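Chemist: As input, take input18.cif (mmCIF, C-alpha atoms and all ligand atoms):
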```cif
data_input
loop_
_atom_site.label_atom_id
_atom_site.label_comp_id
_atom_site.auth_asym_id
_atom_site.auth_seq_id
_atom_site.Cartn_x
_atom_site.Cartn_y
_atom_site.Cartn_z
CA MET A 1167 -45.66 4.73 27.74
CA SER A 1168 -42.97 6.27 29.96
CA PRO A 1169 -39.58 4.52 30.09
CA THR A 1170 -40.27 3.43 33.70
CA ASP A 1171 -43.49 1.64 32.68
CA ALA A 1172 -41.87 0.01 29.66
CA PRO A 1173 -41.12 -3.72 29.55
CA ALA A 1174 -37.48 -4.73 29.98
CA VAL A 1175 -37.30 -5.93 26.37
CA GLN A 1176 -39.69 -5.42 23.46
CA VAL A 1177 -39.08 -7.15 20.16
CA GLY A 1178 -41.38 -5.82 17.43
CA GLU A 1179 -42.00 -7.38 14.00
CA LEU A 1180 -38.42 -8.57 13.99
CA GLY A 1181 -37.08 -10.26 10.89
CA PHE A 1182 -33.70 -11.51 9.72
CA ALA A 1183 -32.93 -12.58 6.18
CA VAL A 1184 -29.52 -13.52 4.82
CA GLY A 1185 -28.48 -14.75 1.37
CA GLY A 1186 -32.10 -15.30 0.33
CA ALA A 1187 -32.90 -17.34 3.46
CA GLN A 1188 -35.50 -16.02 5.91
CA ILE A 1189 -34.09 -16.96 9.35
CA LEU A 1190 -36.54 -15.04 11.57
CA THR A 1191 -40.00 -13.80 10.57
CA GLU A 1192 -42.25 -11.22 12.31
CA ILE A 1193 -41.22 -11.95 15.89
CA ASP A 1194 -43.23 -9.99 18.47
CA LEU A 1195 -42.08 -10.68 21.99
CA THR A 1196 -42.16 -8.75 25.25
CA ILE A 1197 -40.14 -9.58 28.37
CA ALA A 1198 -41.42 -7.92 31.54
CA ARG A 1199 -39.05 -6.46 34.12
CA GLY A 1200 -37.88 -9.13 36.51
CA GLU A 1201 -39.27 -11.91 34.33
CA LEU A 1202 -37.44 -15.11 33.42
CA LEU A 1203 -38.36 -16.00 29.86
CA ALA A 1204 -37.08 -19.19 28.24
CA ILE A 1205 -36.81 -19.60 24.48
CA ILE A 1206 -37.15 -23.16 23.25
CA GLY A 1207 -37.51 -24.85 19.88
CA PRO A 1208 -35.93 -27.46 17.59
CA ASN A 1209 -32.35 -27.17 16.34
CA GLY A 1210 -32.07 -24.47 13.71
CA ALA A 1211 -35.33 -22.76 14.78
CA GLY A 1212 -33.53 -19.41 15.16
CA LYS A 1213 -33.13 -19.19 18.95
CA SER A 1214 -29.46 -18.09 18.98
CA THR A 1215 -30.11 -15.74 16.07
CA LEU A 1216 -32.90 -14.06 18.08
CA VAL A 1217 -30.63 -13.70 21.13
CA ASN A 1218 -27.89 -12.31 18.86
CA MET A 1219 -30.36 -9.71 17.54
CA ILE A 1220 -31.44 -8.72 21.05
CA SER A 1221 -27.86 -8.38 22.31
CA GLY A 1222 -26.65 -6.61 19.16
CA VAL A 1223 -24.20 -9.29 17.96
CA ALA A 1224 -26.16 -9.23 14.70
CA ARG A 1225 -28.58 -6.68 13.25
CA PRO A 1226 -32.12 -7.55 12.17
CA THR A 1227 -33.18 -6.83 8.61
CA ALA A 1228 -36.67 -5.80 9.81
CA GLY A 1229 -38.32 -4.63 13.02
CA GLN A 1230 -37.10 -3.08 16.27
CA ILE A 1231 -35.70 -3.96 19.67
CA ARG A 1232 -36.39 -1.81 22.71
CA LEU A 1233 -34.60 -2.01 26.03
CA ASP A 1234 -36.47 -0.34 28.90
CA GLY A 1235 -38.54 1.50 26.30
CA ARG A 1236 -35.52 2.83 24.40
CA ASP A 1237 -35.01 1.83 20.77
CA VAL A 1238 -31.61 0.08 20.71
CA THR A 1239 -31.93 -1.52 17.25
CA GLY A 1240 -29.11 0.57 15.80
CA LEU A 1241 -26.80 0.31 18.84
CA SER A 1242 -23.63 -1.80 18.99
CA VAL A 1243 -23.11 -4.60 21.54
CA ARG A 1244 -20.97 -2.21 23.61
CA HIS A 1245 -23.62 0.49 23.71
CA ARG A 1246 -26.35 -2.03 24.51
CA ALA A 1247 -24.16 -3.37 27.32
CA ARG A 1248 -23.88 0.17 28.70
CA ALA A 1249 -27.66 0.45 28.49
CA GLY A 1250 -27.99 -2.65 30.71
CA MET A 1251 -27.89 -5.68 28.40
CA GLY A 1252 -25.59 -8.57 29.40
CA ARG A 1253 -25.12 -11.97 27.81
CA THR A 1254 -23.29 -15.26 27.84
CA PHE A 1255 -22.57 -17.36 24.77
CA GLN A 1256 -23.06 -21.01 23.77
CA THR A 1257 -19.29 -21.35 23.58
CA SER A 1258 -17.00 -20.01 26.26
CA SER A 1259 -15.84 -16.40 25.98
CA LEU A 1260 -13.33 -16.60 28.86
CA PHE A 1261 -9.59 -15.88 28.69
CA ASN A 1262 -8.11 -19.34 29.31
CA GLY A 1263 -4.62 -17.91 29.98
CA LEU A 1264 -5.88 -15.94 33.00
CA THR A 1265 -6.89 -17.14 36.45
CA THR A 1266 -10.52 -17.20 37.53
CA VAL A 1267 -10.28 -13.93 39.47
CA GLN A 1268 -8.27 -12.24 36.69
CA ASN A 1269 -11.10 -12.94 34.25
CA VAL A 1270 -13.57 -11.20 36.56
CA CYS A 1271 -11.12 -8.34 37.33
CA PHE A 1272 -10.80 -7.74 33.62
CA ALA A 1273 -14.60 -7.59 33.27
CA VAL A 1274 -14.99 -5.29 36.31
CA GLN A 1275 -12.28 -2.98 35.02
CA SER A 1276 -13.54 -2.86 31.44
CA ALA A 1277 -17.08 -2.12 32.73
CA ALA A 1278 -15.84 0.89 34.74
CA PRO A 1279 -16.80 4.27 33.25
CA GLY A 1280 -14.05 5.67 31.08
CA ALA A 1281 -12.00 2.45 31.13
CA LEU A 1282 -9.30 2.83 28.50
CA ASN A 1283 -6.91 0.02 29.26
CA PRO A 1284 -8.60 -2.69 31.32
CA PHE A 1285 -5.29 -4.55 31.78
CA ARG A 1286 -3.42 -1.65 33.39
CA ARG A 1287 -5.37 -1.23 36.60
CA ALA A 1288 -6.82 -4.71 36.81
CA SER A 1289 -4.91 -5.46 40.01
CA SER A 1290 -6.13 -2.51 42.10
CA ARG A 1291 -7.60 -3.46 45.48
CA SER A 1292 -11.16 -2.33 44.82
CA VAL A 1293 -11.28 -4.16 41.49
CA ILE A 1294 -10.11 -7.37 43.17
CA ASP A 1295 -12.64 -6.88 45.99
CA GLN A 1296 -15.49 -6.45 43.49
CA ALA A 1297 -14.29 -9.47 41.53
CA MET A 1298 -14.12 -11.59 44.68
CA GLN A 1299 -17.67 -10.54 45.65
CA LEU A 1300 -18.89 -11.65 42.24
CA LEU A 1301 -17.02 -14.97 42.56
CA GLU A 1302 -18.58 -15.40 46.03
CA ARG A 1303 -22.00 -14.82 44.51
CA VAL A 1304 -21.53 -17.57 41.93
CA GLY A 1305 -19.93 -19.98 44.42
CA MET A 1306 -16.47 -19.77 42.86
CA ALA A 1307 -14.46 -17.85 45.47
CA ALA A 1308 -12.54 -20.97 46.55
CA ARG A 1309 -11.24 -21.38 43.00
CA SER A 1310 -10.30 -17.72 42.47
CA ALA A 1311 -6.60 -18.51 41.88
CA TRP A 1312 -7.22 -21.48 39.57
CA PRO A 1313 -6.13 -21.22 35.95
CA THR A 1314 -9.36 -20.85 33.97
CA ALA A 1315 -8.30 -23.68 31.65
CA ALA A 1316 -8.34 -26.10 34.63
CA LEU A 1317 -12.00 -25.41 35.56
CA SER A 1318 -14.80 -27.88 34.88
CA HIS A 1319 -17.35 -26.91 32.26
CA GLY A 1320 -19.93 -26.15 34.97
CA ASP A 1321 -17.48 -23.89 36.80
CA LYS A 1322 -16.67 -22.09 33.55
CA ARG A 1323 -20.40 -21.40 33.13
CA LYS A 1324 -20.54 -19.96 36.65
CA LEU A 1325 -17.47 -17.85 35.92
CA GLU A 1326 -19.12 -16.58 32.72
CA LEU A 1327 -22.11 -15.50 34.81
CA ALA A 1328 -19.77 -13.62 37.18
CA VAL A 1329 -18.13 -11.94 34.18
CA ALA A 1330 -21.54 -11.00 32.73
CA MET A 1331 -22.71 -9.70 36.14
CA ALA A 1332 -19.63 -7.44 36.42
CA ARG A 1333 -21.46 -4.98 34.16
CA ARG A 1334 -24.49 -5.01 36.50
CA PRO A 1335 -26.89 -5.77 33.66
CA SER A 1336 -30.62 -5.23 34.11
CA VAL A 1337 -31.26 -7.85 31.42
CA LEU A 1338 -29.17 -11.00 31.08
CA LEU A 1339 -29.33 -13.14 27.93
CA LEU A 1340 -28.13 -16.72 28.43
CA ASP A 1341 -27.54 -18.93 25.41
CA GLU A 1342 -27.78 -22.56 26.52
CA PRO A 1343 -26.26 -22.08 29.99
CA MET A 1344 -26.43 -25.85 30.70
CA ALA A 1345 -24.75 -26.96 27.45
CA GLY A 1346 -21.93 -29.39 28.19
CA VAL A 1347 -22.43 -29.10 31.97
CA ALA A 1348 -22.13 -32.36 33.95
CA MET A 1349 -25.43 -33.56 35.45
CA GLU A 1350 -24.18 -33.01 39.01
CA ASP A 1351 -23.40 -29.34 38.27
CA VAL A 1352 -26.85 -28.56 36.80
CA PRO A 1353 -28.77 -27.95 40.10
CA SER A 1354 -26.28 -25.37 41.44
CA LEU A 1355 -26.24 -23.55 38.11
CA VAL A 1356 -30.07 -23.56 38.01
CA GLN A 1357 -30.13 -22.19 41.57
CA LEU A 1358 -27.65 -19.48 40.64
CA ILE A 1359 -29.78 -18.30 37.70
CA ALA A 1360 -32.90 -18.36 39.93
CA ASP A 1361 -31.05 -16.28 42.56
CA LEU A 1362 -29.89 -13.69 40.01
CA ASN A 1363 -33.45 -13.41 38.72
CA ARG A 1364 -34.87 -13.13 42.25
CA ASP A 1365 -32.39 -10.30 42.90
CA GLY A 1366 -34.12 -8.37 40.10
CA VAL A 1367 -32.20 -9.30 36.93
CA THR A 1368 -34.51 -9.93 33.97
CA VAL A 1369 -33.39 -13.17 32.31
CA CYS A 1370 -33.93 -14.40 28.74
CA MET A 1371 -32.55 -17.91 28.36
CA VAL A 1372 -32.24 -20.27 25.41
CA GLU A 1373 -32.29 -23.79 26.81
CA HIS A 1374 -32.89 -27.31 25.48
CA HIS A 1375 -33.22 -29.10 28.84
CA MET A 1376 -36.96 -29.01 29.50
CA HIS A 1377 -36.63 -29.88 33.20
CA VAL A 1378 -34.45 -26.77 33.60
CA VAL A 1379 -36.89 -24.62 31.59
CA LEU A 1380 -39.93 -25.87 33.49
CA GLY A 1381 -38.18 -25.32 36.84
CA LEU A 1382 -37.08 -21.76 36.10
CA ALA A 1383 -39.25 -20.01 33.53
CA ASP A 1384 -42.12 -17.61 34.24
CA ARG A 1385 -43.01 -17.85 30.55
CA ILE A 1386 -41.77 -19.84 27.59
CA ALA A 1387 -41.50 -18.68 23.97
CA VAL A 1388 -41.44 -21.44 21.34
CA LEU A 1389 -39.66 -20.79 18.04
CA HIS A 1390 -40.26 -23.01 15.03
CA HIS A 1391 -38.81 -22.38 11.55
CA GLY A 1392 -37.96 -18.81 12.57
CA ARG A 1393 -41.49 -17.94 13.72
CA LEU A 1394 -42.95 -17.63 17.17
CA LEU A 1395 -45.22 -20.64 17.52
CA ALA A 1396 -46.45 -19.91 21.07
CA VAL A 1397 -45.71 -17.81 24.16
CA GLY A 1398 -47.17 -18.56 27.57
CA THR A 1399 -46.74 -19.99 31.03
CA PRO A 1400 -45.08 -23.41 31.28
CA ALA A 1401 -48.54 -24.97 31.81
CA GLU A 1402 -49.99 -23.23 28.73
CA VAL A 1403 -47.07 -24.07 26.49
CA THR A 1404 -46.75 -27.72 27.51
CA ALA A 1405 -50.50 -28.20 26.95
CA ASN A 1406 -50.42 -26.56 23.49
CA PRO A 1407 -51.01 -29.28 20.85
CA GLU A 1408 -49.05 -27.41 18.15
CA VAL A 1409 -46.05 -27.07 20.46
CA ARG A 1410 -46.25 -30.73 21.41
CA ARG A 1411 -46.30 -31.69 17.75
CA ALA A 1412 -43.46 -29.38 16.71
CA TYR A 1413 -41.11 -29.85 19.64
CA LEU A 1414 -42.19 -31.18 23.00
CA GLY A 1415 -43.03 -34.64 21.76
CA ASP A 1416 -39.26 -35.16 21.59
CA ALA A 1417 -38.16 -32.99 24.49
CA LEU A 1418 -40.46 -34.16 27.32
N1 LIG B 1501 -25.54 -15.28 9.39
C1 LIG B 1501 -26.13 -16.37 8.93
N2 LIG B 1501 -25.96 -16.77 7.66
C2 LIG B 1501 -26.56 -17.89 7.19
N3 LIG B 1501 -27.36 -18.68 7.91
C3 LIG B 1501 -27.56 -18.33 9.19
C4 LIG B 1501 -26.97 -17.18 9.78
N4 LIG B 1501 -27.37 -17.11 11.07
C5 LIG B 1501 -28.16 -18.17 11.28
N5 LIG B 1501 -28.28 -18.92 10.16
C6 LIG B 1501 -29.09 -20.13 9.99
O1 LIG B 1501 -30.31 -19.88 10.64
C7 LIG B 1501 -30.83 -21.05 11.24
C8 LIG B 1501 -31.10 -20.79 12.71
O2 LIG B 1501 -29.86 -20.83 13.42
P1 LIG B 1501 -29.78 -20.65 14.99
O3 LIG B 1501 -28.38 -20.95 15.39
O4 LIG B 1501 -30.35 -19.35 15.37
O5 LIG B 1501 -30.76 -21.80 15.47
P2 LIG B 1501 -30.98 -22.38 16.94
O6 LIG B 1501 -32.44 -22.48 17.14
O7 LIG B 1501 -30.23 -21.55 17.93
O8 LIG B 1501 -30.34 -23.82 16.81
P3 LIG B 1501 -29.57 -24.73 17.88
O9 LIG B 1501 -30.62 -25.20 18.85
O10 LIG B 1501 -29.04 -25.85 17.05
O11 LIG B 1501 -28.50 -23.89 18.52
C9 LIG B 1501 -29.82 -22.14 10.99
O12 LIG B 1501 -30.23 -22.88 9.87
C10 LIG B 1501 -28.54 -21.35 10.70
O13 LIG B 1501 -27.67 -22.09 9.86
#
```
Go ahead and express the file in the form of structure tokens.
Modeler:
Amino acid sequence: MSPTDAPAVQVGELGFAVGGAQILTEIDLTIARGELLAIIGPNGAGKSTLVNMISGVARPTAGQIRLDGRDVTGLSVRHRARAGMGRTFQTSSLFNGLTTVQNVCFAVQSAAPGALNPFRRASSRSVIDQAMQLLERVGMAARSAWPTAALSHGDKRKLELAVAMARRPSVLLLDEPMAGVAMEDVPSLVQLIADLNRDGVTVCMVEHHMHVVLGLADRIAVLHHGRLLAVGTPAEVTANPEVRRAYLGDAL
């Protein structure tokens, strides 16, 4: 298979064991280019661990991860980011002491080729212009001068997406993007993720809110006790009796 035909992400026979505990077992999962795949499952099923393995935050103890056909299993987070992998975290990774636009400027500058000191040139005109375009895209331009600490949780999530997009990722991993977001902020955040995906970004999203998953996902992967219980379209997965027993009985 040539790199151009390859899926965006391929996870093959992936396993993770730590201190005698088997956290993930024989995960085989493919994410097509441009697809939005949601990962669901009960608490402790291994969803964040799987996303950490894909993004390089942690290394698997078995199996491989390919990005656009290239084996990235041994690469650091930084090298995977250069290869096109972006992510957001369950807990905020923003600099609270900076303003909204400064956070994005920092990301734009640190993503630039050969960036040595992201702080030094973070105020140059083109960096600010790029940061403002990203804030525009996530609907945050009006709050560009706000201290990050003063933003609502939903706005912080949007800002995190702008920061992640500064690296122009081809694949974006989102770990519970709706966690802690007020109900009224959920629709605009859902729309934003749908827009990014429609613009060509492949999205892999861990999410507990089933109405969000069912509204966004092309396919859903269900993890249970560290194993892949099912993968399929929303209709296939919600009709699967095993999935209903293990998870959806509570979530729907
Ligand atoms: N490095 C580690 N050392 C020990 N245990 C770990 C490690 N990483 C993950 N675990 C354990 O693996 C299990 C899966 O954790 P993980 O956070 O991936 O689950 P999750 O499906 O994302 O759960 P939640 O929905 O609650 O976020 C948990 O029992 C967790 O305590």
Chemist: Which is closest to ligand LIG 1501 (chain B) among A:Ala1396, A:Gly1212, A:Ala1383, A:Leu1203, if we use all atoms listed in the file?
Modeler: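 Of A:Ala1396, A:Gly1212, A:Ala1383, A:Leu1203, the one nearest ligand LIG 1501 (chain B), counting all atoms listed in the file, is A:Gly1212.
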Chemist: Once you count only C-alpha atoms and all ligand atoms, what closest atom pair and distance in Å to one decimal does each residue of chain A within 6 Å of ligand LIG 1501 (chain B) have, with rows by chain and rising residue number, as a tab-separated table?
Modeler:
```
residue	atom	partner	partner_atom	distance
A:Val1184	CA	B:LIG1501	N2	5.6
A:Ile1189	CA	B:LIG1501	O1	4.9
A:Pro1208	CA	B:LIG1501	O9	5.9
A:Asn1209	CA	B:LIG1501	O9	3.6
A:Gly1210	CA	B:LIG1501	O5	3.5
A:Ala1211	CA	B:LIG1501	O6	3.7
A:Gly1212	CA	B:LIG1501	O4	3.2
A:Lys1213	CA	B:LIG1501	O6	3.8
A:Ser1214	CA	B:LIG1501	O7	3.7
A:Thr1215	CA	B:LIG1501	O4	3.7
```
Chemist: Work out how far CA of Ala1273 (chain A) is from CA of Val1329 (chain A), in Å to one decimal.
Modeler: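 Here the two named atoms are 5.7 Å from each other.
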Chemist: Given the choices A:Gln1268, A:Gln1296, A:Thr1254, A:Ser1336, which gets closest to Arg1309 (chain A) if the distance is worked out from all atoms listed in the file?
Modeler: A:Gln1268
Chemist: Leaving out Met1344 (chain A) and any residue of its chain fewer than 6 positions from it, which residues lie within 12 Å of it when counting all atoms listed in the file, given as an MDAnalysis selection string?
Modeler: chainID A and resid 1254:1258 1319:1324 1326:1327 1350:1356 1358:1359 1371:1379
Chemist: When you count only C-alpha atoms, which of these residues is closest to Leu1180 (chain A): A:Gly1398, A:Gly1207, A:Gly1250, A:Gly1392?
Modeler: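 For Leu1180 (chain A), the nearest of the candidates is A:Gly1392.
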Chemist: Tell me, as a short mmCIF file (atom, residue, chain, number, x, y, z; two decimals) with C-alpha atoms, in the coordinates of the input, which residues lie within 8 Å of Val1267 (chain A), counting only C-alpha atoms; anything in the same chain fewer than 5 positions away does not count.
Modeler:
```cif
data_model
loop_
_atom_site.label_atom_id
_atom_site.label_comp_id
_atom_site.auth_asym_id
_atom_site.auth_seq_id
_atom_site.Cartn_x
_atom_site.Cartn_y
_atom_site.Cartn_z
CA ILE A 1294 -10.11 -7.37 43.17
CA ALA A 1297 -14.29 -9.47 41.53
CA MET A 1298 -14.12 -11.59 44.68
CA LEU A 1301 -17.02 -14.97 42.56
CA SER A 1310 -10.30 -17.72 42.47
CA ALA A 1311 -6.60 -18.51 41.88
#
```
Chemist: Nearest residue to Arg1232 (chain A) out of A:Asp1365, A:Glu1201, A:Glu1192, A:Glu1179, using only C-alpha atoms?
Modeler: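 Closest candidate: A:Glu1179.
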Chemist: Please provide as a PyMOL selection string all residues within 9 Å of Val1403 (chain A), with the sequence filter that same-chain residues fewer than 4 positions apart are discarded (counting all atoms listed in the file).
Modeler: chain A and resi 1385-1388+1396-1399+1407+1409-1410
Chemist: Using all atoms listed in the file, find the one residue out of A:Gly1305, A:Met1331, A:Arg1393, A:Arg1253 that sits nearest to Pro1343 (chain A).
Modeler: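 Closest to Pro1343 (chain A) of all the choices is A:Arg1253.
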Chemist: What does the distance from CA of Leu1195 (chain A) to CA of Ser1221 (chain A) come to in Å, to one decimal?
Modeler: 14.4 Å
Chemist: So the first atom is CA of Gln1357 (chain A) and the second is CA of Asn1269 (chain A); what is the distance between them in Å, to one decimal place?
Modeler: 22.4 Å
Chemist: Quick one: everything within 9 Å of Glu1408 (chain A), counting only C-alpha atoms, minus sequence neighbours fewer than 4 positions away in the same chain. Send it as a PyMOL selection string.
Modeler: chain A and resi 1395-1396+1412-1413
Chemist: Taking all atoms listed in the file into account, name the residue in A:Thr1266, A:Ser1276, A:Thr1191, A:Gln1176 that is nearest to Ile1231 (chain A).
Modeler: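 That would be A:Gln1176, the residue with the smallest distance to Ile1231 (chain A).
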